[in-house]
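Notes for the one structure printed next.
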Number of protein chains: 2
Amino acid sequence: MPVTIKDVARVAGVSPSTVSRALTTPALVQAETRARVERAAAELGYQPNRAARGLITGRTGNIGLIVPDLTNPFFPGVVKGVQSRARESDFSVFLADTDEDPTAEAGLVRALSKQVDGIVLCSPRMTEEDLRSVIGETPVVMLNRRVGQIPAITIDNVDGIRQAVAHLAALGHRRIAYVAGPRLSWSNKERARALRTTTNAAGIDLIEIGNFAPQFAGGVAAADLVLAAGVTAVIAYNDLVALGLLNWFATRGVKVPEAISVMGFDDIVLSQMVSPSLTTVAQPQEQIGRAGVDMLLQLLEDPDRAAAARRELPSQLMVRHSTGRAPSN
Amino acid sequence: MPVTIKDVARVAGVSPSTVSRALTTPALVQAETRARVERAAAELGYQPNRAARGLITGRTGNIGLIVPDLTNPFFPGVVKGVQSRARESDFSVFLADTDEDPTAEAGLVRALSKQVDGIVLCSPRMTEEDLRSVIGETPVVMLNRRVGQIPAITIDNVDGIRQAVAHLAALGHRRIAYVAGPRLSWSNKERARALRTTTNAAGIDLIEIGNFAPQFAGGVAAADLVLAAGVTAVIAYNDLVALGLLNWFATRGVKVPEAISVMGFDDIVLSQMVSPSLTTVAQPQEQIGRAGVDMLLQLLEDPDRAAAARRELPSQLMVRHSTGRAPSN
DNA sequence: GGCAAGCATGAAATCGTTTGTAGGTCGATG
DNA sequence: CATCGACCTACAAACGATTTCATGCTTGCC
């Protein structure tokens, strides 16, 4: 027996339509009537039934959020950002986790699309083809990937890499390795490309190793290859991989940063929790989420003007204890 | 122009009501008609409008999930469990993060309650009073807390502590410390209580330290107190705190496990990523989430019979490298 | 003072589905 | 051959809101 608009109407002594107007289009109703309606609504604790409203307006007040794997510590920060920004605009968030299955993504988008006004697609792994077909059906904003004119939030990988290389160069490193992430990952391609041009310009030798899974185990798997490459520093695709390297170096007895410097990417919370703490390029995770929702809401307001929007957020070098002067062998 | 039940009806040559029955109550319609309807629905790609259905049935097909802080690595596992179990039963999940604000919890529950059939409340920090008022309005299942007859999933803290103490006792430890978590936390109270009785029975001295925030920083803050207590082993409220201890011990040059053994609670993924890797009592995070949804769905089916349900899941000692024989000083 | 214009309000249609009820067909039975 | 039941199916009402349209009233202007 929830309280409906009719109950409010009866108490306020007006018709249901007036109640609706008073609450959604206040300008259309006389101040005194509006006050009576508001008082009645407050008194009864009225809350509009979203399903009923959605039925006629075609809007749900929900947005969908799809992430590859919540247990990857990069994503929870993004989710929090999405969450809090959405709540500010009275939107609720449907969360779905694809378990790193690229083929499940498109299906999930389609399933969700009926229940939401738009979708935030975080680090999508699906093919461009799937992507294009999916965005034809629902408003979508991508995070951490850029494909054609699709609305997207990315971070400035090029500048992040520039900061990282400058840091290592200043410490005297002349030969560094890159442990590559997933071959299909847009971020990985960006970072690898930026590394090539930057190291080239700085006269630094770059050894590319990989591809490896963007996880702790990937770093462990790559560690011995890194050692064999005879470098004085290594940049990993992301922090998890870097942590895997650190861990394996520790068991091998390789001193970090004395024997080799290690850098990551992302700045997940863990990177401060290990010793030595990890030097890394921070991505503003929460801000990425917030920006994604911002853009999505604009897109819903005005599909034409905002459709081509793309935004790039800055990344920021965090110097900690896993990097140091190059050994002078 | 989404395809509605009417379109299906037209194509199948029957009335809308028959389509509805054919899809939701197949027993009520002739096999041949049903087949025609199903064919038409498949052909048009019909998907029922959940808002419209919810309007009349009063059910939304959604459940709400409220967690204190997604960036605490314990929770994402639970969220994944909730997620996947919900999807199996065609439920969608609304996620909300309270940012560790106990006063925000009740409000969030109330806000969500209009849009969901029930709510999974993960590790709620709110007062018992708020809790009782809230569960009067919506079906709720709690995780990691037990209050009266409220449906809840918990893990067997007592047995977990028993395993931990037995492990340390077998390694020769006779004086151990407990770094306590939040004073208001139900889990913390459970663990502290179990520790007292277990150590007492085993003739082990227990030094309680704290309370501390259940985070990395909490462990860092507690580390020197632990050293001053003159113990050979320490059990932390959870893994994050244990990682803080490990980190501070490392910078202090205190060898783990040679000088002191460290144990955690939870088995978050990070605990395998540090060196030494962390001995801990594992909680089946995903399973907790799944069990919570299981119980919630039962509750929705049959409020009376399931109302008093409570379930306790086993915990499991994971021995790694942060514990070893007590120093023989 | 009369008429047009404008504004606030109410009545009713609508969104897409489910569901109670009535009607219609068919077979079997008396 | 008529009647009764069983079984399907169609019709229509309902869910709770928004929104179009119509109406009555006030107001302003000539």
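Every chain in the structure tokens takes a letter, A first, then B, and so on in the order presented; its residues are numbered from 1, and the ligands are numbered from 1 following the presented order.
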DA17 in chain D environment, 9 Å, only C-alpha atoms (C1' of nucleotides), sequence neighbours closer than 6 positions dropped, as a list in words =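 Everything that qualifies: Thr4, Ile5, Ser20, Pro48, Asn49, Arg50, Ala51, Ala52, Arg53, Gly54, Leu55 and Ile56 of chain A.
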Report task. Using DSSP on the backbone coordinates, identify the residues of range 36-251 of chain A assigned to strand (DSSP E); present them as number ranges by chain. Result -> A: 62-67, 92-97, 118-122, 140-143, 152-155, 175-179, 205-209, 233-236
Residues just named, written with C-alpha atoms as a PDB file, in the first residue's frame:
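again-v6.pdb, freshly written:
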```
ATOM      1  CA  ASN A  62      19.252   4.455 -14.475  1.00  0.00           C
ATOM      2  CA  ILE A  63      22.605   4.067 -16.089  1.00  0.00           C
ATOM      3  CA  GLY A  64      24.518   0.864 -16.708  1.00  0.00           C
ATOM      4  CA  LEU A  65      28.158   0.294 -15.914  1.00  0.00           C
ATOM      5  CA  ILE A  66      30.101  -2.569 -17.420  1.00  0.00           C
ATOM      6  CA  VAL A  67      33.578  -3.489 -16.225  1.00  0.00           C
ATOM      7  CA  SER A  92      21.009   4.799 -10.070  1.00  0.00           C
ATOM      8  CA  VAL A  93      23.728   2.498 -11.345  1.00  0.00           C
ATOM      9  CA  PHE A  94      23.364  -1.019 -12.660  1.00  0.00           C
ATOM     10  CA  LEU A  95      26.667  -2.816 -12.403  1.00  0.00           C
ATOM     11  CA  ALA A  96      27.744  -5.739 -14.541  1.00  0.00           C
ATOM     12  CA  ASP A  97      31.036  -7.600 -14.557  1.00  0.00           C
ATOM     13  CA  GLY A 118      22.681   4.926 -21.232  1.00  0.00           C
ATOM     14  CA  ILE A 119      25.740   2.864 -20.555  1.00  0.00           C
ATOM     15  CA  VAL A 120      29.271   3.500 -19.369  1.00  0.00           C
ATOM     16  CA  LEU A 121      31.552   0.938 -20.912  1.00  0.00           C
ATOM     17  CA  CYS A 122      34.755   0.647 -18.968  1.00  0.00           C
ATOM     18  CA  VAL A 140      27.264   4.732 -24.725  1.00  0.00           C
ATOM     19  CA  VAL A 141      30.350   6.375 -23.311  1.00  0.00           C
ATOM     20  CA  MET A 142      33.594   4.434 -23.346  1.00  0.00           C
ATOM     21  CA  LEU A 143      36.334   4.696 -20.789  1.00  0.00           C
ATOM     22  CA  ALA A 152      35.066   8.424 -24.796  1.00  0.00           C
ATOM     23  CA  ILE A 153      37.110   9.360 -21.768  1.00  0.00           C
ATOM     24  CA  THR A 154      40.777   8.469 -21.921  1.00  0.00           C
ATOM     25  CA  ILE A 155      43.852   9.467 -20.045  1.00  0.00           C
ATOM     26  CA  ARG A 175      68.471   0.697 -21.625  1.00  0.00           C
ATOM     27  CA  ILE A 176      64.955  -0.110 -20.447  1.00  0.00           C
ATOM     28  CA  ALA A 177      62.378  -2.823 -20.994  1.00  0.00           C
ATOM     29  CA  TYR A 178      58.619  -2.614 -21.531  1.00  0.00           C
ATOM     30  CA  VAL A 179      56.500  -5.533 -20.385  1.00  0.00           C
ATOM     31  CA  ASP A 205      67.363   1.587 -25.931  1.00  0.00           C
ATOM     32  CA  LEU A 206      63.924  -0.004 -25.607  1.00  0.00           C
ATOM     33  CA  ILE A 207      63.403  -3.749 -25.278  1.00  0.00           C
ATOM     34  CA  GLU A 208      59.794  -4.869 -25.679  1.00  0.00           C
ATOM     35  CA  ILE A 209      58.773  -8.033 -23.911  1.00  0.00           C
ATOM     36  CA  ALA A 233      64.942  -0.388 -15.609  1.00  0.00           C
ATOM     37  CA  VAL A 234      61.592  -1.834 -16.598  1.00  0.00           C
ATOM     38  CA  ILE A 235      58.213  -0.238 -17.229  1.00  0.00           C
ATOM     39  CA  ALA A 236      55.259  -2.588 -16.865  1.00  0.00           C
TER      40      ALA A 236
END
```
| field | Distance-based interface of chain D with chain B, 12 Å, counting only C-alpha atoms (C1' of nucleotides), as a list of chain:residue names | value |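 Result, ordered by chain then number: D:DC7, D:DC8, D:DT9, D:DA10, D:DC11, D:DA12, D:DA13, D:DA14, D:DC15, D:DG16, D:DA17.
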Could you save the residues just selected, with C-alpha atoms (C1' of nucleotides), as a compact mmCIF listing (two decimals), in the first residue's frame?
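Written file, out36.txt:
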```
# COMPACT_ATOMS: atom_id res chain seq x y z
C1' DC D 7 -10.40 -25.86 -22.59
C1' DC D 8 -8.57 -21.84 -25.03
C1' DT D 9 -8.60 -17.39 -26.32
C1' DA D 10 -10.12 -12.49 -26.58
C1' DC D 11 -11.73 -8.42 -24.28
C1' DA D 12 -11.09 -5.04 -20.93
C1' DA D 13 -9.55 -3.23 -16.64
C1' DA D 14 -5.78 -2.17 -14.01
C1' DC D 15 -0.93 -0.58 -12.42
C1' DG D 16 0.95 4.85 -11.46
C1' DA D 17 2.59 8.20 -13.55
```
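Shell of DA22 in chain D at 12 Å, with only C-alpha atoms (C1' of nucleotides) counted and residues fewer than 6 places along the chain excluded, is DT9, DG10, DA11 and DA12 of chain C.
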Could you write those residues out with all heavy atoms, as a PDB file, in the first residue's frame?
```pdb
ATOM      1  P    DT C   9      -3.664  26.161 -10.169  1.00  0.00           P
ATOM      2  OP1  DT C   9      -4.152  26.435  -8.806  1.00  0.00           O
ATOM      3  OP2  DT C   9      -2.269  25.734 -10.388  1.00  0.00           O
ATOM      4  O5'  DT C   9      -4.625  25.102 -10.842  1.00  0.00           O
ATOM      5  C5'  DT C   9      -6.021  25.156 -10.564  1.00  0.00           C
ATOM      6  C4'  DT C   9      -6.754  24.245 -11.512  1.00  0.00           C
ATOM      7  O4'  DT C   9      -6.288  24.441 -12.847  1.00  0.00           O
ATOM      8  C3'  DT C   9      -6.577  22.754 -11.258  1.00  0.00           C
ATOM      9  O3'  DT C   9      -7.726  22.287 -10.568  1.00  0.00           O
ATOM     10  C2'  DT C   9      -6.430  22.126 -12.655  1.00  0.00           C
ATOM     11  C1'  DT C   9      -6.688  23.307 -13.581  1.00  0.00           C
ATOM     12  N1   DT C   9      -5.938  23.297 -14.864  1.00  0.00           N
ATOM     13  C2   DT C   9      -6.631  23.013 -16.025  1.00  0.00           C
ATOM     14  O2   DT C   9      -7.829  22.758 -16.051  1.00  0.00           O
ATOM     15  N3   DT C   9      -5.872  23.029 -17.175  1.00  0.00           N
ATOM     16  C4   DT C   9      -4.517  23.306 -17.266  1.00  0.00           C
ATOM     17  O4   DT C   9      -3.949  23.303 -18.351  1.00  0.00           O
ATOM     18  C5   DT C   9      -3.858  23.595 -16.020  1.00  0.00           C
ATOM     19  C7   DT C   9      -2.403  23.902 -16.002  1.00  0.00           C
ATOM     20  C6   DT C   9      -4.586  23.575 -14.877  1.00  0.00           C
ATOM     21  P    DG C  10      -7.763  20.776 -10.039  1.00  0.00           P
ATOM     22  OP1  DG C  10      -8.573  20.763  -8.804  1.00  0.00           O
ATOM     23  OP2  DG C  10      -6.397  20.235 -10.039  1.00  0.00           O
ATOM     24  O5'  DG C  10      -8.609  20.069 -11.181  1.00  0.00           O
ATOM     25  C5'  DG C  10      -9.840  20.652 -11.596  1.00  0.00           C
ATOM     26  C4'  DG C  10     -10.411  19.897 -12.775  1.00  0.00           C
ATOM     27  O4'  DG C  10      -9.626  20.191 -13.963  1.00  0.00           O
ATOM     28  C3'  DG C  10     -10.390  18.367 -12.636  1.00  0.00           C
ATOM     29  O3'  DG C  10     -11.616  17.840 -13.117  1.00  0.00           O
ATOM     30  C2'  DG C  10      -9.217  17.935 -13.508  1.00  0.00           C
ATOM     31  C1'  DG C  10      -9.216  18.995 -14.595  1.00  0.00           C
ATOM     32  N9   DG C  10      -7.907  19.254 -15.175  1.00  0.00           N
ATOM     33  C8   DG C  10      -6.748  19.557 -14.502  1.00  0.00           C
ATOM     34  N7   DG C  10      -5.726  19.753 -15.293  1.00  0.00           N
ATOM     35  C5   DG C  10      -6.241  19.561 -16.564  1.00  0.00           C
ATOM     36  C6   DG C  10      -5.586  19.623 -17.829  1.00  0.00           C
ATOM     37  O6   DG C  10      -4.409  19.886 -18.076  1.00  0.00           O
ATOM     38  N1   DG C  10      -6.471  19.346 -18.865  1.00  0.00           N
ATOM     39  C2   DG C  10      -7.801  19.053 -18.712  1.00  0.00           C
ATOM     40  N2   DG C  10      -8.484  18.813 -19.829  1.00  0.00           N
ATOM     41  N3   DG C  10      -8.424  18.978 -17.538  1.00  0.00           N
ATOM     42  C4   DG C  10      -7.575  19.248 -16.507  1.00  0.00           C
ATOM     43  P    DA C  11     -11.979  16.326 -12.873  1.00  0.00           P
ATOM     44  OP1  DA C  11     -13.299  16.290 -12.223  1.00  0.00           O
ATOM     45  OP2  DA C  11     -10.817  15.651 -12.249  1.00  0.00           O
ATOM     46  O5'  DA C  11     -12.124  15.773 -14.363  1.00  0.00           O
ATOM     47  C5'  DA C  11     -12.677  16.605 -15.387  1.00  0.00           C
ATOM     48  C4'  DA C  11     -12.539  15.930 -16.737  1.00  0.00           C
ATOM     49  O4'  DA C  11     -11.251  16.245 -17.310  1.00  0.00           O
ATOM     50  C3'  DA C  11     -12.617  14.400 -16.718  1.00  0.00           C
ATOM     51  O3'  DA C  11     -13.314  13.983 -17.884  1.00  0.00           O
ATOM     52  C2'  DA C  11     -11.164  13.966 -16.718  1.00  0.00           C
ATOM     53  C1'  DA C  11     -10.521  15.059 -17.564  1.00  0.00           C
ATOM     54  N9   DA C  11      -9.132  15.335 -17.227  1.00  0.00           N
ATOM     55  C8   DA C  11      -8.583  15.440 -15.976  1.00  0.00           C
ATOM     56  N7   DA C  11      -7.302  15.725 -15.979  1.00  0.00           N
ATOM     57  C5   DA C  11      -6.986  15.815 -17.336  1.00  0.00           C
ATOM     58  C6   DA C  11      -5.788  16.080 -18.012  1.00  0.00           C
ATOM     59  N6   DA C  11      -4.628  16.336 -17.385  1.00  0.00           N
ATOM     60  N1   DA C  11      -5.805  16.094 -19.359  1.00  0.00           N
ATOM     61  C2   DA C  11      -6.970  15.844 -19.980  1.00  0.00           C
ATOM     62  N3   DA C  11      -8.176  15.581 -19.457  1.00  0.00           N
ATOM     63  C4   DA C  11      -8.100  15.575 -18.111  1.00  0.00           C
ATOM     64  P    DA C  12     -13.536  12.409 -18.144  1.00  0.00           P
ATOM     65  OP1  DA C  12     -14.816  12.305 -18.877  1.00  0.00           O
ATOM     66  OP2  DA C  12     -13.326  11.650 -16.884  1.00  0.00           O
ATOM     67  O5'  DA C  12     -12.361  12.058 -19.154  1.00  0.00           O
ATOM     68  C5'  DA C  12     -12.091  12.943 -20.261  1.00  0.00           C
ATOM     69  C4'  DA C  12     -10.961  12.375 -21.108  1.00  0.00           C
ATOM     70  O4'  DA C  12      -9.682  12.766 -20.528  1.00  0.00           O
ATOM     71  C3'  DA C  12     -10.911  10.850 -21.193  1.00  0.00           C
ATOM     72  O3'  DA C  12     -10.470  10.506 -22.476  1.00  0.00           O
ATOM     73  C2'  DA C  12      -9.906  10.472 -20.120  1.00  0.00           C
ATOM     74  C1'  DA C  12      -8.902  11.596 -20.301  1.00  0.00           C
ATOM     75  N9   DA C  12      -8.044  11.857 -19.155  1.00  0.00           N
ATOM     76  C8   DA C  12      -8.327  11.698 -17.830  1.00  0.00           C
ATOM     77  N7   DA C  12      -7.342  12.033 -17.029  1.00  0.00           N
ATOM     78  C5   DA C  12      -6.336  12.428 -17.907  1.00  0.00           C
ATOM     79  C6   DA C  12      -5.033  12.884 -17.690  1.00  0.00           C
ATOM     80  N6   DA C  12      -4.494  13.045 -16.482  1.00  0.00           N
ATOM     81  N1   DA C  12      -4.293  13.200 -18.782  1.00  0.00           N
ATOM     82  C2   DA C  12      -4.842  13.042 -19.996  1.00  0.00           C
ATOM     83  N3   DA C  12      -6.062  12.621 -20.318  1.00  0.00           N
ATOM     84  C4   DA C  12      -6.756  12.321 -19.216  1.00  0.00           C
TER      85       DA C  12
END
```
Near DA5 in chain C, within 10 Å and counting only C-alpha atoms (C1' of nucleotides), which residues show up once chain neighbours fewer than 2 positions away are dropped, as a tab-separated table (two decimals) with all heavy atoms, in the first residue's frame?
```tsv
chain	number	residue	atom	x	y	z
C	3	DC	P	-19.02	40.67	-27.52
C	3	DC	OP1	-20.01	40.75	-28.62
C	3	DC	OP2	-19.26	39.79	-26.36
C	3	DC	O5'	-17.61	40.30	-28.15
C	3	DC	C5'	-16.77	41.34	-28.68
C	3	DC	C4'	-15.32	40.96	-28.49
C	3	DC	O4'	-14.85	41.38	-27.18
C	3	DC	C3'	-15.04	39.44	-28.57
C	3	DC	O3'	-13.93	39.20	-29.39
C	3	DC	C2'	-14.78	39.05	-27.12
C	3	DC	C1'	-14.11	40.32	-26.59
C	3	DC	N1	-14.20	40.47	-25.11
C	3	DC	C2	-13.10	41.01	-24.43
C	3	DC	O2	-12.10	41.36	-25.06
C	3	DC	N3	-13.18	41.13	-23.07
C	3	DC	C4	-14.27	40.73	-22.43
C	3	DC	N4	-14.30	40.89	-21.10
C	3	DC	C5	-15.39	40.17	-23.11
C	3	DC	C6	-15.31	40.05	-24.43
C	7	DC	P	0.34	33.42	-20.06
C	7	DC	OP1	1.48	34.33	-19.86
C	7	DC	OP2	0.43	32.28	-21.00
C	7	DC	O5'	-0.11	32.88	-18.65
C	7	DC	C5'	-0.96	33.66	-17.81
C	7	DC	C4'	-1.85	32.74	-17.01
C	7	DC	O4'	-3.00	32.36	-17.80
C	7	DC	C3'	-1.18	31.43	-16.57
C	7	DC	O3'	-1.26	31.33	-15.17
C	7	DC	C2'	-1.99	30.34	-17.29
C	7	DC	C1'	-3.34	31.02	-17.47
C	7	DC	N1	-4.14	30.48	-18.59
C	7	DC	C2	-5.47	30.14	-18.36
C	7	DC	O2	-5.95	30.30	-17.23
C	7	DC	N3	-6.22	29.65	-19.39
C	7	DC	C4	-5.67	29.49	-20.59
C	7	DC	N4	-6.43	29.01	-21.56
C	7	DC	C5	-4.30	29.83	-20.85
C	7	DC	C6	-3.58	30.31	-19.83
D	27	DT	P	-7.67	38.70	-11.85
D	27	DT	OP1	-6.61	38.65	-10.82
D	27	DT	OP2	-8.95	39.37	-11.56
D	27	DT	O5'	-7.05	39.35	-13.16
D	27	DT	C5'	-5.98	38.70	-13.84
D	27	DT	C4'	-5.86	39.27	-15.24
D	27	DT	O4'	-6.94	38.79	-16.07
D	27	DT	C3'	-5.91	40.79	-15.31
D	27	DT	O3'	-4.64	41.28	-15.72
D	27	DT	C2'	-7.01	41.11	-16.32
D	27	DT	C1'	-7.18	39.78	-17.05
D	27	DT	N1	-8.54	39.54	-17.61
D	27	DT	C2	-8.67	39.31	-18.96
D	27	DT	O2	-7.73	39.30	-19.73
D	27	DT	N3	-9.96	39.09	-19.38
D	27	DT	C4	-11.11	39.08	-18.59
D	27	DT	O4	-12.20	38.87	-19.08
D	27	DT	C5	-10.89	39.32	-17.19
D	27	DT	C7	-12.06	39.35	-16.25
D	27	DT	C6	-9.64	39.55	-16.76
D	28	DG	P	-4.32	42.86	-15.65
D	28	DG	OP1	-2.94	43.02	-15.13
D	28	DG	OP2	-5.45	43.57	-15.01
D	28	DG	O5'	-4.32	43.24	-17.19
D	28	DG	C5'	-3.71	42.34	-18.13
D	28	DG	C4'	-4.07	42.78	-19.54
D	28	DG	O4'	-5.42	42.32	-19.86
D	28	DG	C3'	-4.08	44.30	-19.73
D	28	DG	O3'	-3.55	44.60	-21.01
D	28	DG	C2'	-5.56	44.67	-19.65
D	28	DG	C1'	-6.20	43.43	-20.29
D	28	DG	N9	-7.58	43.19	-19.89
D	28	DG	C8	-8.12	43.33	-18.63
D	28	DG	N7	-9.39	43.04	-18.57
D	28	DG	C5	-9.72	42.70	-19.88
D	28	DG	C6	-10.96	42.29	-20.42
D	28	DG	O6	-12.04	42.16	-19.85
D	28	DG	N1	-10.86	42.04	-21.79
D	28	DG	C2	-9.71	42.15	-22.52
D	28	DG	N2	-9.79	41.86	-23.82
D	28	DG	N3	-8.53	42.54	-22.02
D	28	DG	C4	-8.62	42.79	-20.70
```
